[in-house]
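Novice: Below you'll find the structure I mean.
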Amino acid sequence: MSIHSSVCSAGVFRGSSTPSGDDCRLETPGSSVAATTVTAMTPAATKKRSQMNARTRKPYTVTAVRYPHPAVVETPWEYGPSVASAAVSDDAVQRWDDNAAFWDAQMGADGNSFFLTLTRPAVERLLGDVAGQRILEIACGNGLFARRLTALGADVVATDGAAGMIEHARAYPGADIDYRLVDAADPAQLAGLGQHAFDAVVCNMALMDMAEIDPLAAALPALLRQPGRFVFSITHPCFNTTGMRMTHELEYIKGERFERYGVVITQYATPAIEEGIAIDGQPHKQLYFDRPLHALLAPFFAAGLVLNGMEEPAFPPREQPGELRWEALPEIPPVMCCRLVPAARSHEA
Ligand SMILES: C[S@@+](CC[C@H](N)C(=O)[O-])C[C@H]1O[C@@H](n2cnc3c(N)ncnc32)[C@H](O)[C@@H]1O
């Protein structure tokens, strides 16, 4: 007879990244899910938001959506699935701008364990040789991958929508990188980057932070020169979303004790916009735009791109899984990396 007993089921700080060194992206084990992802906004943050609303003159639409997850029904910054207006997009970027100094301090020059162990190796494999190539980076953050691309011999134009991020990126000495402030939700700004000017476009861990991905997808055929490729990494749309709970279970099978770490998914199918935290200690919550796979890829397919490469990196297994965190889940990839190419050359890979 088996005895199944859940010994820990904790809510998770939605991790796209872990802080440098050891971190804890989990609430105290035993805390309820309701307590994990929702806290009131600080008065300062609220003030900033309403100022921005006045500027854009677009009131937020608050819509109750889908499964009544505590994080969904309680947060005051909950948007419906199809209200990604310019105001929401501006809000998303503004929050990154507010978090820029913290983000830079956490990621540093070379990135954290998420980036170094998962994202960077997979994205580099999908990109292939970049030496001598002109690469455009979208949502470059503090420029860590732009610097890496430069070290690999690429000529890099690196962009981000948050002025603070660009400022921090420019402050790193050494690399000759053309940094530009570009909102990837703005077709005109994307078109201004050039016609068939890039061998590859790359976007690391940012599509889930973008209110609008259609403008970027639509711009890619004109940005890329043949043979072109678009490579992106993202928090895994199936496993690393707000609809996920990490679990640590204890089971006895024929008197033998087994502990298992895993995830429980309670939300996936409906695109959703929610507040979350990428790194524990982040001063301001960011907005996450959860899209199921079909919704994520549809704009790229509509733009004539096809998927011809994919990796789902997970942390390597370890003898003692220890704390309940992504590093304890070698079977569950927290990140997905994809390569899309113009349809005509999809067979080449
Ligand atoms: C999780 S950070 C990733 C940064 C960097 N790529 C990295 O891997 O460290 C997400 C980035 O997306 C940027 N971002 C969000 N929405 C954007 C938009 N509409 N246009 C350009 N950048 C955007 C943010 O400013 C932030 O730098």
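Residues are named by chain letter and number: chains run A, B, ... in the order of the structure tokens, numbers start at 1 in each chain, and ligands are numbered from 1 in the order shown.
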Can you pull out the residues contacting Leu324 (chain A)? Cut-off 7 Å, using only C-alpha atoms, and skip same-chain residues under 2 positions away; I want them as a PDB file with C-alpha atoms, in the first residue's frame.
Specialist:
ATOM      1  CA  HIS A 248       7.790  18.505  -2.479  1.00  0.00           C
ATOM      2  CA  GLY A 322      17.665  20.417  -0.961  1.00  0.00           C
ATOM      3  CA  ALA A 328      15.855  20.833  -7.394  1.00  0.00           C
TER       4      ALA A 328
END
Novice: Could you list, as a VMD selection string, all the residues within 9 Å of ligand 1, counting only C-alpha atoms and all ligand atoms?
Specialist: chain A and resid 16 to 17 89 to 90 92 to 97 99 to 100 103 to 104 107 111 to 112 115 119 to 120 137 to 146 159 to 166 181 to 186 202 to 213 233 to 234 278
Novice: Restricting the calculation to only C-alpha atoms, which member of A:Ala101, A:Ala343, A:Val263, A:Ala200 is positioned closest to Arg325 (chain A)?
Specialist: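 Among the listed residues, A:Val263 lies closest to Arg325 (chain A).
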Novice: Which of these, A:Ala188, A:His168, A:Leu127, A:His196, has the shortest distance to Leu152 (chain A) once you count only C-alpha atoms?
Specialist: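 Going through A:Ala188, A:His168, A:Leu127, A:His196 one by one, the smallest distance to Leu152 (chain A) is for A:Leu127.
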Novice: Using only C-alpha atoms for the distances, tell me which of A:Arg148, A:Arg245, A:Arg134, A:Arg225 is nearest to Tyr261 (chain A).
Specialist: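 Among A:Arg148, A:Arg245, A:Arg134, A:Arg225, it is A:Arg245 that comes nearest to Tyr261 (chain A).
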Novice: Find, counting only C-alpha atoms, the residue in A:Asp178, A:Glu331, A:Asp110, A:Asp280 that gets nearest to Ile135 (chain A).
Specialist: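 Of all the options, A:Asp178 lies closest to Ile135 (chain A).
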Novice: Would you give me, as an MDAnalysis selection string, the residues in region 278-345 of chain A that DSSP reads as strand (DSSP E)?
Specialist: chainID A and resid 286:290 305:311 335:342
Novice: For each of A:Gly194, A:Gly108, A:Gly255, A:Pro313, take the minimum atom-to-atom distance to Leu224 (chain A), counting only C-alpha atoms, then give the residue where this is smallest.
Specialist: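 Going through A:Gly194, A:Gly108, A:Gly255, A:Pro313 one by one, the smallest distance to Leu224 (chain A) is for A:Gly194.
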Novice: What lies within 12 Å of Ala122 (chain A) using only C-alpha atoms, ignoring chain neighbours under 2 positions off, as a PDB file with N, CA and C atoms, in the first residue's frame?
Specialist:
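Output file part33.pdb follows:
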ATOM      1  N   PHE A 114      20.704  31.260 -13.594  1.00  0.00           N
ATOM      2  CA  PHE A 114      19.706  31.005 -14.639  1.00  0.00           C
ATOM      3  C   PHE A 114      20.304  31.309 -16.012  1.00  0.00           C
ATOM      4  N   PHE A 115      20.918  32.471 -16.085  1.00  0.00           N
ATOM      5  CA  PHE A 115      21.455  32.904 -17.368  1.00  0.00           C
ATOM      6  C   PHE A 115      22.634  32.033 -17.794  1.00  0.00           C
ATOM      7  N   LEU A 116      23.569  31.820 -16.832  1.00  0.00           N
ATOM      8  CA  LEU A 116      24.811  31.125 -17.191  1.00  0.00           C
ATOM      9  C   LEU A 116      24.599  29.623 -17.423  1.00  0.00           C
ATOM     10  N   THR A 117      23.690  29.019 -16.638  1.00  0.00           N
ATOM     11  CA  THR A 117      23.504  27.573 -16.747  1.00  0.00           C
ATOM     12  C   THR A 117      22.467  27.214 -17.799  1.00  0.00           C
ATOM     13  N   LEU A 118      21.406  28.004 -17.883  1.00  0.00           N
ATOM     14  CA  LEU A 118      20.282  27.621 -18.744  1.00  0.00           C
ATOM     15  C   LEU A 118      20.230  28.424 -20.040  1.00  0.00           C
ATOM     16  N   THR A 119      20.034  29.719 -19.895  1.00  0.00           N
ATOM     17  CA  THR A 119      19.681  30.534 -21.060  1.00  0.00           C
ATOM     18  C   THR A 119      20.830  30.696 -22.050  1.00  0.00           C
ATOM     19  N   ARG A 120      21.944  31.173 -21.547  1.00  0.00           N
ATOM     20  CA  ARG A 120      23.027  31.528 -22.467  1.00  0.00           C
ATOM     21  C   ARG A 120      23.515  30.357 -23.318  1.00  0.00           C
ATOM     22  N   GLU A 124      22.981  30.352 -27.355  1.00  0.00           N
ATOM     23  CA  GLU A 124      24.183  30.358 -28.219  1.00  0.00           C
ATOM     24  C   GLU A 124      24.171  29.173 -29.181  1.00  0.00           C
ATOM     25  N   ARG A 125      23.721  28.026 -28.704  1.00  0.00           N
ATOM     26  CA  ARG A 125      23.647  26.868 -29.622  1.00  0.00           C
ATOM     27  C   ARG A 125      22.651  27.158 -30.742  1.00  0.00           C
ATOM     28  N   LEU A 126      21.532  27.752 -30.398  1.00  0.00           N
ATOM     29  CA  LEU A 126      20.505  28.029 -31.414  1.00  0.00           C
ATOM     30  C   LEU A 126      20.944  29.119 -32.385  1.00  0.00           C
ATOM     31  N   LEU A 127      21.712  30.087 -31.880  1.00  0.00           N
ATOM     32  CA  LEU A 127      22.203  31.157 -32.750  1.00  0.00           C
ATOM     33  C   LEU A 127      23.286  30.668 -33.703  1.00  0.00           C
ATOM     34  N   GLY A 128      24.115  29.730 -33.218  1.00  0.00           N
ATOM     35  CA  GLY A 128      25.255  29.301 -34.019  1.00  0.00           C
ATOM     36  C   GLY A 128      26.336  30.364 -34.036  1.00  0.00           C
ATOM     37  N   ASN A 204      16.247  37.779 -25.114  1.00  0.00           N
ATOM     38  CA  ASN A 204      16.399  36.873 -23.968  1.00  0.00           C
ATOM     39  C   ASN A 204      15.449  37.215 -22.833  1.00  0.00           C
ATOM     40  N   VAL A 231      16.125  34.252 -32.446  1.00  0.00           N
ATOM     41  CA  VAL A 231      16.264  33.317 -31.323  1.00  0.00           C
ATOM     42  C   VAL A 231      15.770  34.017 -30.061  1.00  0.00           C
ATOM     43  N   PHE A 232      14.916  33.313 -29.334  1.00  0.00           N
ATOM     44  CA  PHE A 232      14.458  33.892 -28.064  1.00  0.00           C
ATOM     45  C   PHE A 232      14.481  32.859 -26.955  1.00  0.00           C
ATOM     46  N   SER A 233      14.645  33.348 -25.737  1.00  0.00           N
ATOM     47  CA  SER A 233      14.455  32.523 -24.549  1.00  0.00           C
ATOM     48  C   SER A 233      13.338  33.153 -23.735  1.00  0.00           C
ATOM     49  N   ILE A 234      12.666  32.322 -22.945  1.00  0.00           N
ATOM     50  CA  ILE A 234      11.483  32.799 -22.222  1.00  0.00           C
ATOM     51  C   ILE A 234      11.253  31.886 -21.026  1.00  0.00           C
ATOM     52  N   GLY A 309      14.132  25.237 -34.385  1.00  0.00           N
ATOM     53  CA  GLY A 309      15.072  24.825 -33.340  1.00  0.00           C
ATOM     54  C   GLY A 309      14.466  25.135 -31.988  1.00  0.00           C
ATOM     55  N   MET A 310      14.730  24.248 -31.011  1.00  0.00           N
ATOM     56  CA  MET A 310      14.116  24.467 -29.698  1.00  0.00           C
ATOM     57  C   MET A 310      14.904  23.729 -28.627  1.00  0.00           C
ATOM     58  N   GLU A 311      15.069  24.361 -27.495  1.00  0.00           N
ATOM     59  CA  GLU A 311      15.686  23.687 -26.344  1.00  0.00           C
ATOM     60  C   GLU A 311      14.876  24.031 -25.099  1.00  0.00           C
ATOM     61  N   GLU A 312      14.848  23.090 -24.177  1.00  0.00           N
ATOM     62  CA  GLU A 312      14.154  23.304 -22.900  1.00  0.00           C
ATOM     63  C   GLU A 312      15.126  22.985 -21.767  1.00  0.00           C
ATOM     64  N   PRO A 313      16.055  23.898 -21.504  1.00  0.00           N
ATOM     65  CA  PRO A 313      17.100  23.594 -20.520  1.00  0.00           C
ATOM     66  C   PRO A 313      16.555  23.558 -19.090  1.00  0.00           C
ATOM     67  N   ALA A 314      17.062  22.588 -18.346  1.00  0.00           N
ATOM     68  CA  ALA A 314      16.738  22.478 -16.913  1.00  0.00           C
ATOM     69  C   ALA A 314      18.045  22.352 -16.150  1.00  0.00           C
ATOM     70  N   VAL A 335      12.884  27.147 -18.467  1.00  0.00           N
ATOM     71  CA  VAL A 335      13.162  28.045 -19.586  1.00  0.00           C
ATOM     72  C   VAL A 335      12.900  27.304 -20.898  1.00  0.00           C
ATOM     73  N   MET A 336      12.423  28.044 -21.892  1.00  0.00           N
ATOM     74  CA  MET A 336      12.291  27.494 -23.239  1.00  0.00           C
ATOM     75  C   MET A 336      13.026  28.429 -24.204  1.00  0.00           C
ATOM     76  N   CYS A 337      13.784  27.846 -25.118  1.00  0.00           N
ATOM     77  CA  CYS A 337      14.534  28.651 -26.093  1.00  0.00           C
ATOM     78  C   CYS A 337      14.156  28.181 -27.497  1.00  0.00           C
ATOM     79  N   CYS A 338      13.880  29.114 -28.362  1.00  0.00           N
ATOM     80  CA  CYS A 338      13.402  28.762 -29.709  1.00  0.00           C
ATOM     81  C   CYS A 338      14.157  29.533 -30.784  1.00  0.00           C
ATOM     82  N   ARG A 339      14.256  28.886 -31.943  1.00  0.00           N
ATOM     83  CA  ARG A 339      14.779  29.590 -33.130  1.00  0.00           C
ATOM     84  C   ARG A 339      13.692  29.586 -34.196  1.00  0.00           C
TER      85      ARG A 339
END
Novice: For Gly304 (chain A), work out the shell of residues within 12 Å, counting only C-alpha atoms and skipping chain neighbours fewer than 2 positions away, then give it as a ChimeraX atom specification.
Specialist: /A:217-222,297-302,306-307,340-346
Novice: Would you save the residues from that selection as a tab-separated table (two decimals), in the first residue's frame, using N, CA and C atoms?
Specialist:
chain	number	residue	atom	x	y	z
A	217	ALA	N	7.10	40.52	-33.88
A	217	ALA	CA	7.00	39.42	-34.85
A	217	ALA	C	6.83	39.96	-36.26
A	218	ALA	N	5.95	40.94	-36.40
A	218	ALA	CA	5.68	41.49	-37.73
A	218	ALA	C	6.90	42.21	-38.31
A	219	ALA	N	7.76	42.75	-37.45
A	219	ALA	CA	8.93	43.51	-37.93
A	219	ALA	C	10.08	42.60	-38.36
A	220	LEU	N	10.09	41.36	-37.90
A	220	LEU	CA	11.28	40.52	-38.11
A	220	LEU	C	11.63	40.29	-39.58
A	221	PRO	N	10.67	39.98	-40.46
A	221	PRO	CA	11.06	39.75	-41.86
A	221	PRO	C	11.80	40.93	-42.47
A	222	ALA	N	11.43	42.13	-42.09
A	222	ALA	CA	12.10	43.31	-42.65
A	222	ALA	C	13.43	43.60	-41.95
A	297	LEU	N	3.41	31.67	-30.15
A	297	LEU	CA	4.04	31.47	-31.46
A	297	LEU	C	3.20	32.00	-32.62
A	298	ALA	N	1.91	32.14	-32.42
A	298	ALA	CA	1.02	32.54	-33.53
A	298	ALA	C	1.48	33.81	-34.25
A	299	PRO	N	1.88	34.88	-33.55
A	299	PRO	CA	2.28	36.09	-34.28
A	299	PRO	C	3.51	35.87	-35.17
A	300	PHE	N	4.40	34.98	-34.74
A	300	PHE	CA	5.60	34.70	-35.54
A	300	PHE	C	5.25	33.87	-36.77
A	301	PHE	N	4.35	32.90	-36.58
A	301	PHE	CA	3.88	32.12	-37.73
A	301	PHE	C	3.15	33.04	-38.71
A	302	ALA	N	2.35	33.93	-38.18
A	302	ALA	CA	1.60	34.86	-39.04
A	302	ALA	C	2.55	35.76	-39.83
A	306	VAL	N	8.98	30.18	-39.28
A	306	VAL	CA	8.68	28.83	-38.79
A	306	VAL	C	9.68	28.46	-37.71
A	307	LEU	N	9.24	27.59	-36.83
A	307	LEU	CA	10.08	27.15	-35.72
A	307	LEU	C	10.99	26.04	-36.23
A	340	LEU	N	13.41	30.76	-34.73
A	340	LEU	CA	12.45	30.91	-35.82
A	340	LEU	C	13.18	31.48	-37.02
A	341	VAL	N	12.83	30.97	-38.19
A	341	VAL	CA	13.49	31.46	-39.41
A	341	VAL	C	12.43	31.74	-40.47
A	342	PRO	N	12.74	32.59	-41.44
A	342	PRO	CA	11.80	32.80	-42.54
A	342	PRO	C	11.44	31.48	-43.21
A	343	ALA	N	10.18	31.29	-43.53
A	343	ALA	CA	9.67	29.99	-43.96
A	343	ALA	C	10.46	29.37	-45.09
A	344	ALA	N	10.91	30.16	-46.03
A	344	ALA	CA	11.54	29.62	-47.22
A	344	ALA	C	12.77	28.77	-46.91
A	345	ARG	N	13.47	29.06	-45.80
A	345	ARG	CA	14.68	28.32	-45.52
A	345	ARG	C	14.53	27.42	-44.29
A	346	SER	N	13.30	27.04	-43.97
A	346	SER	CA	13.07	26.27	-42.76
A	346	SER	C	13.75	24.91	-42.80
